[in-house]
file upload-v7.txt (compact mmCIF, C-alpha atoms and all ligand atoms)
# COMPACT_ATOMS: atom_id res chain seq x y z
CA MET A 1 0.00 0.00 0.00
CA GLU A 2 1.29 3.44 -0.93
CA ASP A 3 2.06 5.48 2.19
CA VAL A 4 0.12 8.68 1.51
CA PHE A 5 1.57 10.41 4.57
CA ALA A 6 5.16 9.72 3.43
CA LEU A 7 4.28 10.95 -0.07
CA HIS A 8 2.73 14.11 1.35
CA GLU A 9 5.75 14.70 3.56
CA SER A 10 8.18 14.43 0.68
CA ARG A 11 6.09 16.93 -1.32
CA MET A 12 6.07 19.24 1.71
CA LYS A 13 9.87 19.08 1.94
CA VAL A 14 10.17 20.34 -1.63
CA HIS A 15 7.55 23.02 -0.97
CA LEU A 16 9.26 24.19 2.24
CA ALA A 17 12.64 24.37 0.55
CA ALA A 18 11.06 26.62 -2.12
CA LEU A 19 9.51 28.83 0.60
CA GLU A 20 12.86 29.21 2.32
CA LYS A 21 14.48 30.29 -0.94
CA GLU A 22 11.70 32.84 -1.46
CA GLY A 23 12.11 34.20 2.10
CA VAL A 24 8.57 33.20 3.11
CA LYS A 25 8.24 32.06 6.73
CA VAL A 26 5.95 29.28 7.94
CA PHE A 27 3.50 29.88 10.79
CA LYS A 28 2.48 26.56 12.37
CA VAL A 29 -0.94 26.39 13.97
CA SER A 30 -1.94 23.49 16.21
CA THR A 31 -5.47 22.76 17.43
CA THR A 32 -4.48 23.36 21.07
CA GLU A 33 -3.10 26.73 20.05
CA ARG A 34 -6.34 27.62 18.24
CA GLU A 35 -8.38 26.71 21.29
CA GLU A 36 -6.13 28.74 23.59
CA PHE A 37 -6.15 31.74 21.28
CA LYS A 38 -9.93 31.84 21.27
CA ALA A 39 -10.36 31.02 24.97
CA CYS A 40 -7.76 33.37 26.49
CA ARG A 41 -5.27 35.54 24.60
CA ARG A 42 -3.01 35.82 27.64
CA LYS A 43 -2.78 32.05 28.04
CA TRP A 44 -2.10 31.71 24.32
CA ASP A 45 0.65 34.31 24.61
CA TYR A 46 2.30 32.34 27.44
CA ALA A 47 1.98 28.92 25.82
CA SER A 48 2.27 29.43 22.07
CA LEU A 49 5.59 28.48 20.52
CA SER A 50 5.30 31.52 18.29
CA ARG A 51 4.93 33.75 21.40
CA GLN A 52 6.56 33.27 24.82
CA GLY A 53 6.40 29.46 24.59
CA ILE A 54 6.76 28.70 28.31
CA GLU A 55 5.46 25.78 30.41
CA PRO A 56 5.34 25.00 34.15
CA LYS A 57 8.37 23.30 35.70
CA ARG A 58 6.41 20.36 37.00
CA ALA A 59 5.33 17.03 35.72
CA ALA A 60 2.00 17.49 33.91
CA MET A 61 0.15 14.35 35.04
CA PRO A 62 -2.94 14.37 32.74
CA LEU A 63 -0.79 14.95 29.66
CA TRP A 64 1.73 12.32 30.78
CA PHE A 65 -0.96 9.75 31.45
CA GLY A 66 -2.76 10.34 28.14
CA THR A 67 0.53 10.11 26.23
CA GLY A 68 1.38 6.78 27.86
CA VAL A 69 -2.02 5.26 27.09
CA HIS A 70 -1.76 6.51 23.48
CA GLU A 71 1.67 4.89 23.25
CA GLY A 72 0.23 1.53 24.36
CA LEU A 73 -2.70 1.80 21.93
CA GLU A 74 -0.48 2.87 19.04
CA HIS A 75 1.58 -0.32 19.26
CA TYR A 76 -1.48 -2.46 19.91
CA TYR A 77 -3.04 -1.30 16.64
CA LYS A 78 0.21 -1.12 14.70
CA SER A 79 1.73 -4.50 15.52
CA GLU A 80 -0.67 -6.24 17.93
CA ALA A 81 1.86 -5.63 20.70
CA ASP A 82 0.73 -5.99 24.31
CA PRO A 83 -0.27 -2.38 25.20
CA VAL A 84 0.41 -3.00 28.91
CA GLU A 85 4.04 -3.95 28.22
CA VAL A 86 4.46 -0.95 25.93
CA PHE A 87 2.91 1.38 28.53
CA ASP A 88 5.11 -0.04 31.29
CA ALA A 89 8.32 0.38 29.31
CA TRP A 90 7.32 3.91 28.27
CA ALA A 91 6.33 4.90 31.84
CA GLU A 92 9.57 3.57 33.33
CA LYS A 93 11.67 5.50 30.83
CA SER A 94 9.74 8.76 31.09
CA ILE A 95 9.67 8.67 34.91
CA GLN A 96 13.42 8.15 34.95
CA GLU A 97 13.85 11.14 32.62
CA MET A 98 11.67 13.32 34.86
CA LYS A 99 13.67 12.27 37.95
CA GLU A 100 16.90 13.23 36.22
CA ASP A 101 15.51 16.56 34.99
CA LYS A 102 16.82 19.10 37.51
CA GLU A 103 14.08 21.58 36.62
CA ILE A 104 11.27 19.22 37.65
CA LYS A 105 10.40 18.98 41.32
CA TRP A 106 10.28 15.27 42.20
CA ASP A 107 9.24 14.31 45.72
CA GLU A 108 7.53 11.44 47.52
CA ALA A 109 4.03 12.74 46.83
CA THR A 110 4.78 13.08 43.10
CA ALA A 111 6.31 9.59 43.00
CA LYS A 112 3.20 8.14 44.68
CA GLN A 113 0.91 9.92 42.24
CA PHE A 114 2.84 8.51 39.29
CA ASP A 115 2.87 5.00 40.81
CA GLU A 116 -0.91 5.09 41.15
CA SER A 117 -1.29 6.34 37.61
CA CYS A 118 0.96 3.57 36.28
CA ASP A 119 -1.25 1.04 38.02
CA LEU A 120 -4.40 2.60 36.61
CA GLY A 121 -2.93 2.79 33.08
CA ARG A 122 -1.92 -0.87 33.17
CA LYS A 123 -5.37 -2.04 34.30
CA MET A 124 -7.20 0.21 31.85
CA LEU A 125 -5.20 -1.14 28.92
CA GLU A 126 -5.53 -4.74 30.09
CA ASN A 127 -9.33 -4.35 30.20
CA TYR A 128 -9.33 -2.45 26.91
CA VAL A 129 -7.84 -5.44 25.06
CA THR A 130 -10.69 -7.66 26.30
CA TRP A 131 -13.30 -5.08 25.27
CA ALA A 132 -11.69 -4.15 21.92
CA SER A 133 -11.26 -7.79 20.88
CA ILE A 134 -15.05 -7.79 20.38
CA ALA A 135 -15.82 -4.09 19.75
CA ASP A 136 -13.25 -3.69 16.94
CA TYR A 137 -14.95 -6.43 14.93
CA SER A 138 -18.57 -5.43 15.50
CA GLU A 139 -20.60 -4.04 12.59
CA GLU A 140 -21.80 -1.11 14.68
CA ILE A 141 -18.57 0.35 16.15
CA GLY A 142 -15.81 -1.78 14.62
CA PHE A 143 -13.78 -1.30 11.44
CA ALA A 144 -12.47 -3.48 8.63
CA LYS A 145 -8.88 -2.18 8.51
CA VAL A 146 -6.44 0.02 10.37
CA LEU A 147 -4.65 1.96 7.62
CA TYR A 148 -2.33 4.18 9.69
CA THR A 149 -1.42 4.67 13.34
CA GLU A 150 -0.05 7.82 15.03
CA ARG A 151 0.87 10.06 12.10
CA GLU A 152 2.01 13.65 12.30
CA PHE A 153 0.97 16.03 9.57
CA GLN A 154 1.70 19.52 8.31
CA VAL A 155 -0.74 20.92 5.75
CA PRO A 156 -0.82 24.42 4.16
CA ILE A 157 -3.99 26.34 5.05
CA LEU A 158 -6.06 27.55 2.07
CA ASP A 159 -7.74 30.90 1.49
CA GLY A 160 -11.38 31.35 0.49
CA ASN A 161 -10.53 30.58 -3.16
CA GLY A 162 -8.81 27.31 -2.35
CA ASN A 163 -5.28 28.68 -2.90
CA VAL A 164 -2.45 28.24 -0.41
CA ALA A 165 -2.89 31.23 1.87
CA ARG A 166 -0.22 33.87 2.44
CA PHE A 167 -0.15 36.83 4.78
CA VAL A 168 2.17 39.85 4.93
CA ASP A 169 2.63 41.21 8.44
CA ARG A 170 3.28 44.85 9.41
CA ASN A 171 7.04 44.25 9.11
CA ASP A 172 6.55 43.20 5.49
CA GLN A 173 7.35 39.61 6.35
CA GLU A 174 5.41 37.17 4.19
CA TRP A 175 4.02 34.06 5.87
CA GLU A 176 2.44 30.79 4.85
CA MET A 177 0.16 29.27 7.47
CA HIS A 178 0.20 25.51 8.09
CA LEU A 179 -1.98 23.34 10.29
CA VAL A 180 0.06 20.78 12.26
CA GLY A 181 -1.18 17.86 14.33
CA ARG A 182 -0.99 14.19 15.18
CA LEU A 183 -3.62 11.61 14.21
CA ASP A 184 -4.24 8.50 16.30
CA LEU A 185 -5.69 6.11 13.70
CA VAL A 186 -6.99 6.17 10.14
CA VAL A 187 -9.42 3.29 9.63
CA GLU A 188 -11.59 1.90 6.85
CA ASP A 189 -15.07 0.69 7.77
CA PHE A 190 -16.83 -2.40 6.42
CA HIS A 191 -18.14 -0.36 3.43
CA GLY A 192 -14.73 0.96 2.33
CA ARG A 193 -15.28 4.43 3.85
CA LEU A 194 -12.46 6.32 5.58
CA TRP A 195 -12.65 7.55 9.19
CA LEU A 196 -10.33 9.03 11.77
CA LEU A 197 -10.24 7.37 15.18
CA ASP A 198 -9.29 9.47 18.18
CA HIS A 199 -8.36 7.94 21.56
CA LYS A 200 -9.43 9.82 24.66
CA THR A 201 -8.74 9.10 28.32
CA THR A 202 -11.59 10.63 30.26
CA LYS A 203 -13.14 10.86 33.70
CA ASP A 204 -16.68 11.15 32.42
CA LYS A 205 -18.79 9.57 29.72
CA LEU A 206 -18.49 11.35 26.37
CA ASP A 207 -21.55 13.36 25.51
CA PRO A 208 -22.32 13.14 21.74
CA GLU A 209 -23.72 16.70 21.73
CA THR A 210 -20.46 18.02 23.23
CA LEU A 211 -18.53 16.16 20.54
CA VAL A 212 -20.64 17.77 17.79
CA LEU A 213 -19.80 21.18 19.23
CA ASN A 214 -16.04 20.50 19.34
CA ASP A 215 -14.25 21.30 16.11
CA GLN A 216 -10.79 19.82 16.79
CA MET A 217 -11.44 16.68 14.80
CA VAL A 218 -13.16 18.61 11.99
CA ASN A 219 -9.82 20.38 11.49
CA TYR A 220 -8.12 17.02 11.37
CA LEU A 221 -10.67 15.76 8.85
CA TRP A 222 -10.00 18.81 6.72
CA ALA A 223 -6.22 18.21 6.91
CA VAL A 224 -6.39 14.48 6.21
CA GLN A 225 -8.64 15.07 3.20
CA GLN A 226 -5.95 17.39 1.79
CA ILE A 227 -3.42 14.58 2.24
CA PHE A 228 -5.57 11.72 0.90
CA GLY A 229 -7.44 13.69 -1.78
CA ARG A 230 -10.50 11.66 -0.75
CA PRO A 231 -13.52 12.42 1.43
CA PHE A 232 -13.63 11.07 4.97
CA GLU A 233 -16.85 9.98 6.62
CA GLY A 234 -16.20 11.29 10.14
CA VAL A 235 -14.59 10.36 13.44
CA TYR A 236 -14.71 7.45 15.87
CA TYR A 237 -14.16 8.78 19.39
CA ASN A 238 -12.61 5.96 21.38
CA ALA A 239 -12.93 6.77 25.08
CA LEU A 240 -11.16 4.93 27.91
CA ARG A 241 -12.57 5.87 31.28
CA LYS A 242 -9.93 6.59 33.93
CA LYS A 243 -11.36 3.99 36.30
CA VAL A 244 -11.02 0.24 36.62
CA PRO A 245 -13.99 -2.04 37.31
CA THR A 246 -14.58 -2.65 41.03
CA VAL A 247 -13.73 -6.12 42.32
CA PRO A 248 -16.74 -7.30 44.40
CA PRO A 249 -15.78 -7.40 48.11
CA LEU A 250 -16.13 -10.51 50.23
CA LEU A 251 -19.04 -10.48 52.66
CA LYS A 252 -18.15 -9.81 56.32
CA ASN A 253 -18.69 -13.51 57.16
CA GLY A 254 -16.27 -14.42 54.37
CA LYS A 255 -18.82 -16.80 52.82
CA GLY A 256 -19.38 -15.16 49.47
CA LEU A 257 -19.21 -12.00 47.43
CA SER A 258 -21.37 -8.92 47.74
CA LYS A 259 -24.24 -8.99 45.22
CA ALA A 260 -24.99 -5.26 45.45
CA LYS A 261 -26.34 -4.21 42.05
CA LEU A 262 -24.90 -0.72 42.24
CA ILE A 263 -21.38 -2.11 41.82
CA ASP A 264 -19.37 -0.26 39.14
CA SER A 265 -17.97 -3.37 37.48
CA THR A 266 -18.13 -5.75 34.51
CA PRO A 267 -19.27 -9.41 34.27
CA GLU A 268 -15.67 -10.43 33.45
CA VAL A 269 -14.23 -8.87 36.63
CA TYR A 270 -17.06 -10.27 38.75
CA MET A 271 -16.51 -13.75 37.26
CA GLN A 272 -12.79 -13.51 37.96
CA ALA A 273 -13.56 -12.71 41.62
CA ILE A 274 -15.81 -15.81 41.79
CA GLU A 275 -12.96 -17.96 40.45
CA ASP A 276 -10.32 -16.32 42.66
CA ASN A 277 -12.40 -17.16 45.75
CA ASP A 278 -13.30 -20.73 44.65
CA LEU A 279 -17.02 -19.94 44.66
CA ASP A 280 -19.82 -21.50 42.63
CA PRO A 281 -20.90 -19.28 39.64
CA ASP A 282 -24.44 -20.74 39.92
CA ASP A 283 -24.87 -18.76 43.17
CA TYR A 284 -24.25 -15.50 41.26
CA THR A 285 -26.46 -15.94 38.18
CA GLU A 286 -28.65 -12.93 38.97
CA ILE A 287 -25.86 -10.39 39.53
CA LEU A 288 -23.93 -11.71 36.50
CA GLU A 289 -27.08 -11.36 34.35
CA HIS A 290 -27.55 -7.85 35.71
CA LEU A 291 -23.97 -6.87 34.81
CA ARG A 292 -24.30 -8.41 31.34
CA SER A 293 -27.46 -6.42 30.68
CA LYS A 294 -25.73 -3.09 31.49
CA PRO A 295 -23.76 -1.20 28.81
CA ASN A 296 -20.00 -1.16 29.39
CA THR A 297 -19.26 2.14 31.13
CA PHE A 298 -15.47 1.77 31.04
CA PHE A 299 -15.07 2.07 27.29
CA GLN A 300 -17.16 4.04 24.86
CA ARG A 301 -16.94 4.44 21.12
CA GLU A 302 -18.99 7.12 19.42
CA LYS A 303 -19.11 7.47 15.64
CA LEU A 304 -19.74 11.01 14.49
CA ARG A 305 -20.31 11.82 10.82
CA ARG A 306 -19.29 15.21 9.42
CA ASN A 307 -20.50 16.49 6.07
CA GLN A 308 -18.31 18.07 3.40
CA TYR A 309 -19.84 21.51 3.98
CA GLU A 310 -18.67 21.66 7.60
CA ILE A 311 -15.25 20.20 6.79
CA LYS A 312 -14.68 22.77 4.02
CA LEU A 313 -15.97 25.61 6.20
CA GLN A 314 -13.57 24.56 8.98
CA GLY A 315 -10.68 24.87 6.53
CA TYR A 316 -11.72 28.45 5.81
CA LEU A 317 -12.18 29.28 9.50
CA LEU A 318 -8.63 28.07 10.10
CA TYR A 319 -7.45 30.63 7.58
CA LEU A 320 -9.25 33.46 9.41
CA GLU A 321 -7.95 32.35 12.81
CA ALA A 322 -4.36 32.02 11.59
CA ILE A 323 -4.47 35.56 10.18
CA ASP A 324 -5.81 36.87 13.48
CA MET A 325 -2.92 35.18 15.31
CA LEU A 326 -0.32 36.60 12.93
CA ASN A 327 -1.82 40.05 12.75
CA ASP A 328 -0.20 41.38 15.94
CA PRO A 329 -3.29 40.76 18.13
CA PHE A 330 -4.07 42.59 21.38
CA ILE A 331 -3.25 40.42 24.40
CA TYR A 332 -5.64 40.40 27.35
CA PRO A 333 -6.79 37.85 29.95
CA ASN A 334 -10.15 36.13 30.01
CA MET A 335 -10.70 35.32 33.69
CA THR A 336 -13.45 32.77 34.23
CA TRP A 337 -14.55 30.17 36.82
CA ASN A 338 -12.42 27.62 34.96
CA CYS A 339 -9.10 29.45 35.41
CA LYS A 340 -8.45 27.93 38.84
CA TYR A 341 -8.77 24.35 37.60
CA MET A 342 -7.80 24.57 33.96
CA CYS A 343 -4.89 26.97 33.66
CA ASP A 344 -1.21 26.11 34.17
CA TYR A 345 -0.32 29.80 34.07
CA LYS A 346 -2.67 31.11 36.77
CA GLU A 347 0.10 32.12 39.21
CA LEU A 348 1.87 34.13 36.54
CA CYS A 349 -1.41 35.59 35.32
CA LYS A 350 -2.44 36.71 38.82
CA ALA A 351 0.97 38.29 39.43
CA GLU A 352 0.81 40.11 36.12
CA SER A 353 -2.69 41.40 36.87
CA ARG A 354 -1.46 42.70 40.25
CA GLY A 355 1.39 44.53 38.53
CA ASP A 356 4.02 42.45 40.40
CA ASP A 357 7.55 42.04 39.11
CA THR A 358 7.09 38.60 37.50
CA GLU A 359 10.72 37.87 36.61
CA TRP A 360 11.45 35.76 39.69
CA LEU A 361 8.21 33.81 39.37
CA ARG A 362 8.88 33.15 35.71
CA THR A 363 12.34 31.72 36.42
CA ALA A 364 11.23 29.74 39.48
CA MET A 365 8.08 28.18 38.06
CA TYR A 366 8.33 28.17 34.27
CA ARG A 367 10.72 27.17 31.54
CA LYS A 368 10.88 27.22 27.75
CA ARG A 369 8.60 24.59 26.24
CA LYS A 370 10.28 21.59 24.69
CA VAL A 371 8.58 20.02 21.67
CA ASP A 372 9.56 17.95 18.70
CA GLY A 373 8.18 16.66 15.42
CA VAL A 374 5.85 18.92 13.47
CA TYR A 375 5.28 21.09 16.55
CA ASP A 376 8.92 22.19 16.62
CA ARG A 377 9.06 25.71 15.15
CA THR A 378 12.80 25.52 14.53
CA LYS A 379 12.24 22.80 11.93
CA THR A 380 10.09 23.26 8.90
CA VAL A 381 8.97 19.62 8.67
CA ALA A 382 9.24 16.51 10.87
CA GLU A 383 12.47 14.61 10.29
S1 LIG A 401 -5.63 32.23 34.61
FE1 LIG A 401 -7.36 32.52 33.21
S2 LIG A 401 -7.11 34.59 32.46
FE2 LIG A 401 -5.17 34.00 33.33
S3 LIG A 401 -3.99 33.19 31.63
FE3 LIG A 401 -5.02 31.48 32.59
S4 LIG A 401 -6.89 31.23 31.41
FE4 LIG A 401 -6.12 33.28 30.99

call {"tool": "encode", "arguments": {"input": "upload-v7.txt", "output": "structure tokens", "more": "lines below"}}
Ligand code: SF4
result
Amino acid sequence: MEDVFALHESRMKVHLAALEKEGVKVFKVSTTEREEFKACRRKWDYASLSRQGIEPKRAAMPLWFGTGVHEGLEHYYKSEADPVEVFDAWAEKSIQEMKEDKEIKWDEATAKQFDESCDLGRKMLENYVTWASIADYSEEIGFAKVLYTEREFQVPILDGNGNVARFVDRNDQEWEMHLVGRLDLVVEDFHGRLWLLDHKTTKDKLDPETLVLNDQMVNYLWAVQQIFGRPFEGVYYNALRKKVPTVPPLLKNGKGLSKAKLIDSTPEVYMQAIEDNDLDPDDYTEILEHLRSKPNTFFQREKLRRNQYEIKLQGYLLYLEAIDMLNDPFIYPNMTWNCKYMCDYKELCKAESRGDDTEWLRTAMYRKRKVDGVYDRTKTVAE
């Protein structure tokens, strides 16, 4: 099979070399950056690699955890590797790197938090394999083929006439704007249609209405259609809940397992507990039937179709947003109820709003962001 991503990348290399010769710079836009720009200009200014590009000097647990689970799933779908082994090896290496990084504060509490997360990741992936071995083959939420796993892309953004967009800033510098990102899976369904599949680790159940109102994957659909030159049908959202099924506790008299129907578990885990305690499955028919009749709440796969109108429109909106980012925008904060929980820059933001001298805080708590691949602004294309 022809590797369309490799073909696209080699075309991009030629294109980027021509841009360099012409003196045209490339402005890389990621979906996170778009979201930050629209949610809070000040946060965007702190985080964006084309602005201050700083990040907190501490281990970012949610990002770390999601990356590890993605790593396990990538190898599971690429080469049928055991995702738990892949996750374990990745976690061990990355934890070692964090411990050796002098800028990251590593103490007992952090170590404990990471240990617990490793345990959770392992169990989630172990259970995922059991679930996916049926779900991936089902007519309703399965797929016929995995075409690509974990691919980075860089695609020129188009103007309203479908031409590669350029922008000249107030210093007379000409720019081309490119969307960059990383796709989890490209799959083909049982009718030969193409879809993206996006893995998500989540605390809560995915709400289909929330997914419809989130445009991140529409951007990715737009980009991947530029690369494939073929329409895509939509996106499979593949959610792994950050929770493992509860093992039923033994009764106080030790003569059996609790049959409480509110248990947050699966029939497989309950059955395992029966076997582990040498009990008779016939005594648990009712609770097992109850668990079998409930939908699996630990994994969720939602298929969301997108039509060509919305995909094309999203491409155009990208163009408008990229120009706004390049066009020397005003920078101001957008303080909301979410800042306390959702912003890594809140200490710096508060200090700046108070008019404090922020230099010390900046050095003590933040450092220059480190990124690679298509996100690296010092390289024009992933090497
Ligand atoms: S704390 Fe709120 S206002 Fe300040 S940078 Fe973060 S998101 Fe923006």

call {"tool": "closest_residue", "arguments": {"input": "upload-v7.txt", "among": "A:Asn238, A:Thr336, A:Asn127, A:Gln226", "to": "Leu197 of chain A", "atoms": "only C-alpha atoms"}}
result
A:Asn238

call {"tool": "residues_near_ligand", "arguments": {"input": "upload-v7.txt", "ligand": "ligand LIG 401 (chain A)", "cutoff": "6 Å", "atoms": "only C-alpha atoms and all ligand atoms", "output": "list in words"}}
result
Cys40, Arg42, Lys43, Pro333, Asn334, Met335, Cys339, Cys343, Tyr345, Lys346 and Cys349 of chain A

call {"tool": "atom_distance", "arguments": {"input": "upload-v7.txt", "atom1": "atom CA of Glu103 of chain A", "atom2": "atom CA of Met61 of chain A"}}
result
15.8 Å

call {"tool": "closest_residue", "arguments": {"input": "upload-v7.txt", "among": "A:Val269, A:Lys255, A:Pro231, A:Lys340", "to": "Asp283 of chain A", "atoms": "all atoms listed in the file"}}
result
A:Lys255

call {"tool": "closest_residue", "arguments": {"input": "upload-v7.txt", "among": "A:Glu310, A:Glu347, A:Glu152, A:Asp280", "to": "Glu9 of chain A", "atoms": "all atoms listed in the file"}}
result
A:Glu152

call {"tool": "atom_distance", "arguments": {"input": "upload-v7.txt", "atom1": "atom CA of Arg301 of chain A", "atom2": "atom CA of Tyr237 of chain A"}}
result
5.4 Å

call {"tool": "closest_residue", "arguments": {"input": "upload-v7.txt", "among": "A:Lys21, A:Arg182, A:Lys145, A:Arg305", "to": "Tyr375 of chain A", "atoms": "only C-alpha atoms"}}
result
A:Arg182

call {"tool": "atom_distance", "arguments": {"input": "upload-v7.txt", "atom1": "atom CA of Arg241 of chain A", "atom2": "atom CA of Thr130 of chain A"}}
result
14.5 Å

call {"tool": "residues_around", "arguments": {"input": "upload-v7.txt", "residues": "Arg369 of chain A", "least_positions_apart": "4", "cutoff": "6 Å", "atoms": "all atoms listed in the file", "output": "PyMOL selection string"}}
result
chain A and resi 53-55

call {"tool": "closest_residue", "arguments": {"input": "upload-v7.txt", "among": "A:Ile134, A:Ile331, A:Val24, A:Ala6", "to": "Glu174 of chain A", "atoms": "all atoms listed in the file"}}
result
A:Val24

call {"tool": "closest_residue", "arguments": {"input": "upload-v7.txt", "among": "A:Asp45, A:Glu286, A:Asp82, A:Glu74", "to": "Leu183 of chain A", "atoms": "only C-alpha atoms"}}
result
A:Glu74

call {"tool": "residues_around", "arguments": {"input": "upload-v7.txt", "residues": "Leu221 of chain A", "least_positions_apart": "6", "cutoff": "9 Å", "atoms": "all atoms listed in the file", "output": "PyMOL selection string"}}
result
chain A and resi 195-196+231-235+306+311

call {"tool": "closest_atom_pairs", "arguments": {"input": "upload-v7.txt", "of": "segment 97-182 of chain A", "to": "segment 287-300 of chain A", "cutoff": "10 Å", "atoms": "only C-alpha atoms", "output": "Markdown table"}}
result
| residue | atom | partner | partner_atom | distance |
| --- | --- | --- | --- | --- |
| A:Met124 | CA | A:Phe298 | CA | 8.5 |
| A:Asn127 | CA | A:Phe298 | CA | 8.7 |
| A:Tyr128 | CA | A:Phe299 | CA | 7.3 |
| A:Trp131 | CA | A:Phe299 | CA | 7.6 |
| A:Ala132 | CA | A:Phe299 | CA | 8.9 |
| A:Ala135 | CA | A:Gln300 | CA | 9.7 |
| A:Ile141 | CA | A:Gln300 | CA | 9.6 |

call {"tool": "residues_around", "arguments": {"input": "upload-v7.txt", "residues": "Phe153 of chain A", "least_positions_apart": "6", "cutoff": "12 Å", "atoms": "only C-alpha atoms", "output": "ChimeraX atom specification"}}
result
/A:4-10,12,28-30,178-184,219-228,373-375,380-383

call {"tool": "decode", "arguments": {"input": "upload-v7.txt", "residues": "segment 340-380 of chain A", "atoms": "C-alpha atoms", "output": "PDB file, in the first residue's frame"}}
result
ATOM      1  CA  LYS A 340      -8.449  27.933  38.844  1.00  0.00           C
ATOM      2  CA  TYR A 341      -8.774  24.348  37.597  1.00  0.00           C
ATOM      3  CA  MET A 342      -7.803  24.575  33.962  1.00  0.00           C
ATOM      4  CA  CYS A 343      -4.889  26.970  33.660  1.00  0.00           C
ATOM      5  CA  ASP A 344      -1.210  26.108  34.174  1.00  0.00           C
ATOM      6  CA  TYR A 345      -0.321  29.798  34.073  1.00  0.00           C
ATOM      7  CA  LYS A 346      -2.665  31.114  36.767  1.00  0.00           C
ATOM      8  CA  GLU A 347       0.102  32.121  39.206  1.00  0.00           C
ATOM      9  CA  LEU A 348       1.874  34.127  36.536  1.00  0.00           C
ATOM     10  CA  CYS A 349      -1.414  35.589  35.319  1.00  0.00           C
ATOM     11  CA  LYS A 350      -2.443  36.711  38.822  1.00  0.00           C
ATOM     12  CA  ALA A 351       0.971  38.286  39.425  1.00  0.00           C
ATOM     13  CA  GLU A 352       0.809  40.114  36.117  1.00  0.00           C
ATOM     14  CA  SER A 353      -2.691  41.395  36.873  1.00  0.00           C
ATOM     15  CA  ARG A 354      -1.458  42.702  40.248  1.00  0.00           C
ATOM     16  CA  GLY A 355       1.391  44.530  38.533  1.00  0.00           C
ATOM     17  CA  ASP A 356       4.023  42.452  40.403  1.00  0.00           C
ATOM     18  CA  ASP A 357       7.545  42.038  39.110  1.00  0.00           C
ATOM     19  CA  THR A 358       7.093  38.602  37.500  1.00  0.00           C
ATOM     20  CA  GLU A 359      10.715  37.871  36.607  1.00  0.00           C
ATOM     21  CA  TRP A 360      11.453  35.761  39.687  1.00  0.00           C
ATOM     22  CA  LEU A 361       8.208  33.813  39.365  1.00  0.00           C
ATOM     23  CA  ARG A 362       8.884  33.146  35.706  1.00  0.00           C
ATOM     24  CA  THR A 363      12.335  31.721  36.424  1.00  0.00           C
ATOM     25  CA  ALA A 364      11.230  29.744  39.478  1.00  0.00           C
ATOM     26  CA  MET A 365       8.084  28.185  38.056  1.00  0.00           C
ATOM     27  CA  TYR A 366       8.330  28.167  34.267  1.00  0.00           C
ATOM     28  CA  ARG A 367      10.719  27.170  31.544  1.00  0.00           C
ATOM     29  CA  LYS A 368      10.882  27.219  27.750  1.00  0.00           C
ATOM     30  CA  ARG A 369       8.604  24.591  26.245  1.00  0.00           C
ATOM     31  CA  LYS A 370      10.278  21.587  24.685  1.00  0.00           C
ATOM     32  CA  VAL A 371       8.578  20.020  21.674  1.00  0.00           C
ATOM     33  CA  ASP A 372       9.561  17.952  18.701  1.00  0.00           C
ATOM     34  CA  GLY A 373       8.178  16.663  15.420  1.00  0.00           C
ATOM     35  CA  VAL A 374       5.847  18.923  13.471  1.00  0.00           C
ATOM     36  CA  TYR A 375       5.278  21.092  16.550  1.00  0.00           C
ATOM     37  CA  ASP A 376       8.921  22.189  16.620  1.00  0.00           C
ATOM     38  CA  ARG A 377       9.064  25.709  15.148  1.00  0.00           C
ATOM     39  CA  THR A 378      12.803  25.522  14.530  1.00  0.00           C
ATOM     40  CA  LYS A 379      12.236  22.805  11.935  1.00  0.00           C
ATOM     41  CA  THR A 380      10.091  23.258   8.902  1.00  0.00           C
TER      42      THR A 380
END
